[in-house]
Each structure stands twice: as structure tokens, then as C-alpha cells.
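Here's the structure we're looking at; comments come further down.
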Amino acid sequence: MSITSRQKQLVQQSFSKVAPIADTAAQLFYEALFKFDPSLKAMFKGDMPEQRKKLMAALTLAVKSLDDLDKLVPVLQQLARKHVDYGVKVDDYTPVGNALLSALEQGLQDDFTSEVRAAWVATYQLIANVMREAAYPDFDAATYKNTKQYKLS
């Protein structure tokens, strides 16, 4: 799976509009995440303001690195293996993706067009699959069937 130059551009342009409201966007993300899957809240026992900063730093790095996926992939792989230690399961990536889309929709409002949404979906699916493949040796994106009730589409 790959993303087009246009999708990269849309993701990067739209994220530049989110950056000025980073903490609010991160709050929207976590509110949506815990709504989509309340069981995930147990993973976040620490300092939520610090967690929000980490989330936005990771998103910033990923978005800026879309033009050089060869450098981004090892970072994502390392991050994925670390998340297994936190208790993240293969299906947890779906509510995370849905929470990201929800936060972007709320933060960008009218700028979150169907084309921008599709670009984010493609980008997130690429990132999530790289991370799943690194963290779960039996994961195969082509045959994966999500057991969560959410659908990133």
C-alpha cells in the first residue's frame, strides 16, 4: 500500500492547520478514542497533558516524514514494538484511526473535505499496517479482518 503525492500534500497541508491547536486536537483525539473504545483508557495512567504532547510530536514527525517513507518506517516499527509493551493489540489501531479522523474533522471543520479525509485514511492505514507488521509477526494486511466493531473507511 502506498499513498499518492496528492494525498501526502493534503495531509501535510491540513495538519499545518491543526498544529496551532495541537493540545485541543489531542484532547479531541483522546475524548473520541475513549468513546470508541472505553477499555483503552486503562492504558493511559500517566500525565495526560504529557501524553497529548507525545501524540502530537509523533503525528508531526509522521506527517513531516511522508516524503521520505524509508526513514519513517524504522521509526514506526520501533514505536510499534514499544506499544506492544503497553498492551496495544492489533485491533486497537482501528479505534485510534477513527479517533484521529474524528479529531481532524472537529478541528478542521469545513477544511476536512472528503478528499482530505480520504488522504488521511490512506495515510493512517499505511502507518497502521507498517506498525502492525512490526509488532505482530503473523499480521498480514491483505487478509486481516478486524474484530473491533469500528471500521476505518
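By order in the C-alpha cells, chains are A, B, ...; within a chain, residues start at 1; ligands start at 1, following the order shown.
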Which residues of range 2-86 of chain A have any atom within 10 Å of an atom in range 114-135 of chain A when counting only C-alpha atoms, and what is the closest pair of atoms for each, with the distance in Å to one decimal? Order the rows by chain and rising number and write it as JSON lines.
{"residue": "A:Ser2", "atom": "CA", "partner": "A:Leu126", "partner_atom": "CA", "distance": 6.6}
{"residue": "A:Ile3", "atom": "CA", "partner": "A:Ala122", "partner_atom": "CA", "distance": 6.4}
{"residue": "A:Thr4", "atom": "CA", "partner": "A:Ala119", "partner_atom": "CA", "distance": 8.5}
{"residue": "A:Ser5", "atom": "CA", "partner": "A:Ala119", "partner_atom": "CA", "distance": 9.9}
{"residue": "A:Arg6", "atom": "CA", "partner": "A:Ala119", "partner_atom": "CA", "distance": 8.1}
{"residue": "A:Gln7", "atom": "CA", "partner": "A:Ala119", "partner_atom": "CA", "distance": 4.6}
{"residue": "A:Lys8", "atom": "CA", "partner": "A:Ala119", "partner_atom": "CA", "distance": 7.2}
{"residue": "A:Gln9", "atom": "CA", "partner": "A:Ala119", "partner_atom": "CA", "distance": 8.8}
{"residue": "A:Leu10", "atom": "CA", "partner": "A:Val116", "partner_atom": "CA", "distance": 5.8}
{"residue": "A:Val11", "atom": "CA", "partner": "A:Trp120", "partner_atom": "CA", "distance": 6.0}
{"residue": "A:Gln12", "atom": "CA", "partner": "A:Trp120", "partner_atom": "CA", "distance": 9.6}
{"residue": "A:Gln13", "atom": "CA", "partner": "A:Val116", "partner_atom": "CA", "distance": 9.3}
{"residue": "A:Ser14", "atom": "CA", "partner": "A:Val116", "partner_atom": "CA", "distance": 7.5}
{"residue": "A:Phe15", "atom": "CA", "partner": "A:Trp120", "partner_atom": "CA", "distance": 9.8}
{"residue": "A:Ala62", "atom": "CA", "partner": "A:Ile127", "partner_atom": "CA", "distance": 8.5}
{"residue": "A:Val63", "atom": "CA", "partner": "A:Thr123", "partner_atom": "CA", "distance": 9.0}
{"residue": "A:Leu66", "atom": "CA", "partner": "A:Thr123", "partner_atom": "CA", "distance": 8.7}
{"residue": "A:Leu69", "atom": "CA", "partner": "A:Ile127", "partner_atom": "CA", "distance": 9.8}
{"residue": "A:Leu72", "atom": "CA", "partner": "A:Ile127", "partner_atom": "CA", "distance": 9.3}
{"residue": "A:Val73", "atom": "CA", "partner": "A:Val130", "partner_atom": "CA", "distance": 6.9}
{"residue": "A:Pro74", "atom": "CA", "partner": "A:Ala134", "partner_atom": "CA", "distance": 9.2}
{"residue": "A:Val75", "atom": "CA", "partner": "A:Met131", "partner_atom": "CA", "distance": 9.4}
{"residue": "A:Leu76", "atom": "CA", "partner": "A:Met131", "partner_atom": "CA", "distance": 5.8}
{"residue": "A:Gln77", "atom": "CA", "partner": "A:Ala134", "partner_atom": "CA", "distance": 5.1}
{"residue": "A:Gln78", "atom": "CA", "partner": "A:Ala134", "partner_atom": "CA", "distance": 7.8}
{"residue": "A:Leu79", "atom": "CA", "partner": "A:Met131", "partner_atom": "CA", "distance": 7.5}
{"residue": "A:Ala80", "atom": "CA", "partner": "A:Met131", "partner_atom": "CA", "distance": 4.9}
{"residue": "A:Arg81", "atom": "CA", "partner": "A:Ala135", "partner_atom": "CA", "distance": 4.9}
{"residue": "A:Lys82", "atom": "CA", "partner": "A:Ala135", "partner_atom": "CA", "distance": 8.4}
{"residue": "A:His83", "atom": "CA", "partner": "A:Ala135", "partner_atom": "CA", "distance": 8.1}
{"residue": "A:Val84", "atom": "CA", "partner": "A:Ala135", "partner_atom": "CA", "distance": 6.6}
{"residue": "A:Asp85", "atom": "CA", "partner": "A:Ala135", "partner_atom": "CA", "distance": 9.8}
Which of range 23-149 of chain A counts as alpha helix (DSSP H) under DSSP, as a ChimeraX atom specification please? /A:23-36,48-64,69-85,93-108,114-135
Tell me which protein, DNA and RNA residues are within 8 Å of Phe29 in chain A, counting only C-alpha atoms, leaving out same-chain ones fewer than 5 positions away, and put them as a PDB file with N, CA, C and O atoms, in the first residue's frame.
ATOM      1  N   ALA A  99     -10.526   7.708  15.959  1.00  0.00           N
ATOM      2  CA  ALA A  99     -10.380   8.874  16.841  1.00  0.00           C
ATOM      3  C   ALA A  99      -9.596   9.982  16.139  1.00  0.00           C
ATOM      4  O   ALA A  99      -9.921  11.170  16.282  1.00  0.00           O
ATOM      5  N   LEU A 100      -8.583   9.602  15.383  1.00  0.00           N
ATOM      6  CA  LEU A 100      -7.811  10.590  14.629  1.00  0.00           C
ATOM      7  C   LEU A 100      -8.709  11.302  13.623  1.00  0.00           C
ATOM      8  O   LEU A 100      -8.707  12.541  13.538  1.00  0.00           O
ATOM      9  N   SER A 102     -11.936  11.623  13.715  1.00  0.00           N
ATOM     10  CA  SER A 102     -12.901  12.432  14.457  1.00  0.00           C
ATOM     11  C   SER A 102     -12.284  13.744  14.918  1.00  0.00           C
ATOM     12  O   SER A 102     -12.888  14.820  14.772  1.00  0.00           O
ATOM     13  N   ALA A 103     -11.075  13.672  15.466  1.00  0.00           N
ATOM     14  CA  ALA A 103     -10.396  14.886  15.942  1.00  0.00           C
ATOM     15  C   ALA A 103     -10.094  15.829  14.776  1.00  0.00           C
ATOM     16  O   ALA A 103     -10.267  17.048  14.893  1.00  0.00           O
TER      17      ALA A 103
END
CA of Leu108 in chain A to CA of Lys17 in chain A, straight-line distance in Å: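 We find that CA of Lys17 in chain A and CA of Leu108 in chain A lie 7.2 Å from each other.
Among the candidates A:Asp37, A:Glu105, A:Asp68, A:Asp23, the one nearest to Gln51 in chain A when counting only C-alpha atoms is A:Asp23.
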Neighbour list for Gln27 in chain A as a list in words, cut-off 12 Å, only C-alpha atoms, skip fewer than 6 positions in-chain: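 Residues meeting the cut-off are Ile21, Leu33, Phe34, Met48, Pro49, Glu50, Gln51, Arg52, Lys53, Leu55, Met56, Ala99, Leu100, Ser102, Ala103, Leu104, Gln106 and Gly107 of chain A.
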Print the selection's residues with all heavy atoms to a file, as a CSV table (one decimal), in the first residue's frame.
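Saved result, out_34.csv, follows:
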chain,number,residue,atom,x,y,z
A,21,ILE,N,-3.5,24.4,17.0
A,21,ILE,CA,-4.4,24.0,18.1
A,21,ILE,C,-4.1,22.6,18.6
A,21,ILE,O,-4.9,21.7,18.9
A,21,ILE,CB,-5.9,24.0,17.6
A,21,ILE,CG1,-6.1,23.1,16.4
A,21,ILE,CG2,-6.3,25.5,17.3
A,21,ILE,CD1,-7.5,22.8,16.1
A,33,LEU,N,-11.3,8.6,21.3
A,33,LEU,CA,-10.7,7.3,21.5
A,33,LEU,C,-11.4,6.6,22.6
A,33,LEU,O,-11.8,5.4,22.4
A,33,LEU,CB,-9.2,7.4,21.8
A,33,LEU,CG,-8.5,6.0,22.0
A,33,LEU,CD1,-8.6,5.2,20.7
A,33,LEU,CD2,-7.1,6.3,22.4
A,34,PHE,N,-11.6,7.2,23.7
A,34,PHE,CA,-12.2,6.6,24.9
A,34,PHE,C,-13.7,6.4,24.7
A,34,PHE,O,-14.3,5.5,25.3
A,34,PHE,CB,-11.9,7.4,26.1
A,34,PHE,CG,-10.4,7.5,26.4
A,34,PHE,CD1,-10.0,8.7,27.1
A,34,PHE,CD2,-9.5,6.5,26.1
A,34,PHE,CE1,-8.6,8.8,27.3
A,34,PHE,CE2,-8.2,6.7,26.3
A,34,PHE,CZ,-7.7,7.8,26.9
A,48,MET,N,-1.7,13.0,31.3
A,48,MET,CA,-2.4,13.2,30.0
A,48,MET,C,-1.9,14.4,29.3
A,48,MET,O,-1.7,14.3,28.0
A,48,MET,CB,-3.9,13.2,30.2
A,48,MET,CG,-4.5,11.8,30.4
A,48,MET,SD,-4.0,10.5,29.2
A,48,MET,CE,-4.8,11.1,27.7
A,49,PRO,N,-1.6,15.5,29.9
A,49,PRO,CA,-1.0,16.6,29.1
A,49,PRO,C,0.3,16.2,28.4
A,49,PRO,O,0.6,16.6,27.3
A,49,PRO,CB,-0.8,17.8,30.1
A,49,PRO,CG,-1.8,17.5,31.2
A,49,PRO,CD,-1.9,16.0,31.3
A,50,GLU,N,1.1,15.5,29.1
A,50,GLU,CA,2.4,15.0,28.5
A,50,GLU,C,2.1,14.0,27.4
A,50,GLU,O,2.7,14.0,26.4
A,50,GLU,CB,3.2,14.3,29.6
A,50,GLU,CG,4.6,13.9,29.1
A,50,GLU,CD,5.5,15.0,28.6
A,50,GLU,OE1,5.3,16.1,29.0
A,50,GLU,OE2,6.3,14.7,27.7
A,51,GLN,N,1.1,13.1,27.6
A,51,GLN,CA,0.7,12.1,26.6
A,51,GLN,C,0.2,12.9,25.3
A,51,GLN,O,0.5,12.4,24.2
A,51,GLN,CB,-0.4,11.2,27.2
A,51,GLN,CG,-0.8,10.1,26.2
A,51,GLN,CD,0.3,9.2,25.8
A,51,GLN,OE1,1.1,8.8,26.7
A,51,GLN,NE2,0.4,8.8,24.6
A,52,ARG,N,-0.6,13.9,25.5
A,52,ARG,CA,-1.1,14.7,24.4
A,52,ARG,C,0.1,15.3,23.6
A,52,ARG,O,0.1,15.3,22.4
A,52,ARG,CB,-2.0,15.8,24.8
A,52,ARG,CG,-3.3,15.3,25.4
A,52,ARG,CD,-4.4,16.3,25.5
A,52,ARG,NE,-4.1,17.4,26.4
A,52,ARG,CZ,-4.3,17.4,27.7
A,52,ARG,NH1,-5.0,16.4,28.3
A,52,ARG,NH2,-4.0,18.5,28.5
A,53,LYS,N,1.1,15.8,24.3
A,53,LYS,CA,2.3,16.3,23.7
A,53,LYS,C,3.0,15.2,22.9
A,53,LYS,O,3.5,15.5,21.7
A,53,LYS,CB,3.3,16.9,24.7
A,53,LYS,CG,2.9,18.2,25.3
A,53,LYS,CD,3.9,18.7,26.3
A,53,LYS,CE,3.3,19.9,27.0
A,53,LYS,NZ,4.2,20.4,28.1
A,55,LEU,N,1.7,12.5,21.6
A,55,LEU,CA,0.9,12.2,20.4
A,55,LEU,C,1.1,13.2,19.3
A,55,LEU,O,1.4,12.8,18.2
A,55,LEU,CB,-0.6,12.2,20.8
A,55,LEU,CG,-1.6,12.2,19.6
A,55,LEU,CD1,-1.6,10.8,18.9
A,55,LEU,CD2,-3.0,12.5,20.1
A,56,MET,N,1.1,14.5,19.6
A,56,MET,CA,1.2,15.5,18.6
A,56,MET,C,2.7,15.5,18.0
A,56,MET,O,2.9,15.7,16.9
A,56,MET,CB,0.9,16.9,19.1
A,56,MET,CG,-0.6,17.0,19.5
A,56,MET,SD,-1.8,16.4,18.2
A,56,MET,CE,-1.5,17.7,16.9
A,99,ALA,N,-10.5,7.7,16.0
A,99,ALA,CA,-10.4,8.9,16.8
A,99,ALA,C,-9.6,10.0,16.1
A,99,ALA,O,-9.9,11.2,16.3
A,99,ALA,CB,-9.7,8.5,18.1
A,100,LEU,N,-8.6,9.6,15.4
A,100,LEU,CA,-7.8,10.6,14.6
A,100,LEU,C,-8.7,11.3,13.6
A,100,LEU,O,-8.7,12.5,13.5
A,100,LEU,CB,-6.6,9.9,13.9
A,100,LEU,CG,-5.8,10.8,13.0
A,100,LEU,CD1,-5.1,11.9,13.8
A,100,LEU,CD2,-4.7,10.0,12.3
A,102,SER,N,-11.9,11.6,13.7
A,102,SER,CA,-12.9,12.4,14.5
A,102,SER,C,-12.3,13.7,14.9
A,102,SER,O,-12.9,14.8,14.8
A,102,SER,CB,-13.4,11.6,15.7
A,102,SER,OG,-14.3,12.4,16.4
A,103,ALA,N,-11.1,13.7,15.5
A,103,ALA,CA,-10.4,14.9,15.9
A,103,ALA,C,-10.1,15.8,14.8
A,103,ALA,O,-10.3,17.0,14.9
A,103,ALA,CB,-9.1,14.5,16.7
A,104,LEU,N,-9.7,15.3,13.7
A,104,LEU,CA,-9.4,16.1,12.5
A,104,LEU,C,-10.6,16.8,12.0
A,104,LEU,O,-10.6,17.9,11.6
A,104,LEU,CB,-8.7,15.3,11.4
A,104,LEU,CG,-7.3,14.8,11.7
A,104,LEU,CD1,-6.9,13.7,10.7
A,104,LEU,CD2,-6.3,16.0,11.6
A,106,GLN,N,-13.3,17.5,13.6
A,106,GLN,CA,-13.7,18.6,14.6
A,106,GLN,C,-12.8,19.8,14.5
A,106,GLN,O,-13.2,20.9,14.5
A,106,GLN,CB,-13.8,18.1,16.0
A,106,GLN,CG,-14.9,17.1,16.2
A,106,GLN,CD,-14.8,16.5,17.6
A,106,GLN,OE1,-15.1,17.3,18.6
A,106,GLN,NE2,-14.5,15.3,17.8
A,107,GLY,N,-11.5,19.5,14.4
A,107,GLY,CA,-10.5,20.6,14.4
A,107,GLY,C,-10.5,21.4,13.1
A,107,GLY,O,-10.3,22.6,13.1
Neighbour list for Tyr144 in chain A as a compact mmCIF listing (two decimals) with N, CA, C and O atoms, in the first residue's frame, cut-off 10 Å, only C-alpha atoms, skip fewer than 5 positions in-chain:
# COMPACT_ATOMS: atom_id res chain seq x y z
N VAL A 90 -3.52 -5.73 18.11
CA VAL A 90 -3.62 -5.46 16.67
C VAL A 90 -4.90 -4.71 16.32
O VAL A 90 -4.89 -3.81 15.47
N ASP A 91 -6.00 -5.04 16.97
CA ASP A 91 -7.27 -4.37 16.67
C ASP A 91 -7.39 -2.96 17.24
O ASP A 91 -8.28 -2.21 16.84
N ASN A 129 -0.57 -0.24 9.21
CA ASN A 129 -0.12 -1.54 8.71
C ASN A 129 1.37 -1.75 8.90
O ASN A 129 1.81 -2.85 9.23
N ASP A 138 2.58 -12.38 12.80
CA ASP A 138 1.60 -13.08 11.98
C ASP A 138 0.65 -12.15 11.23
O ASP A 138 -0.22 -12.62 10.51
N PHE A 139 0.82 -10.85 11.41
CA PHE A 139 -0.09 -9.91 10.79
C PHE A 139 0.13 -9.87 9.27
O PHE A 139 1.25 -9.79 8.79
Please indicate the distance in Å from CA of Thr24 in chain A to CA of Phe36 in chain A, rounded to one decimal place.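 Distance between the two atoms: 18.3 Å.
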Just checking: using only C-alpha atoms, which residue out of A:Tyr136, A:Ala141, A:Gln109, A:Ala26 ends up closest to Ala58 in chain A? A:Ala26
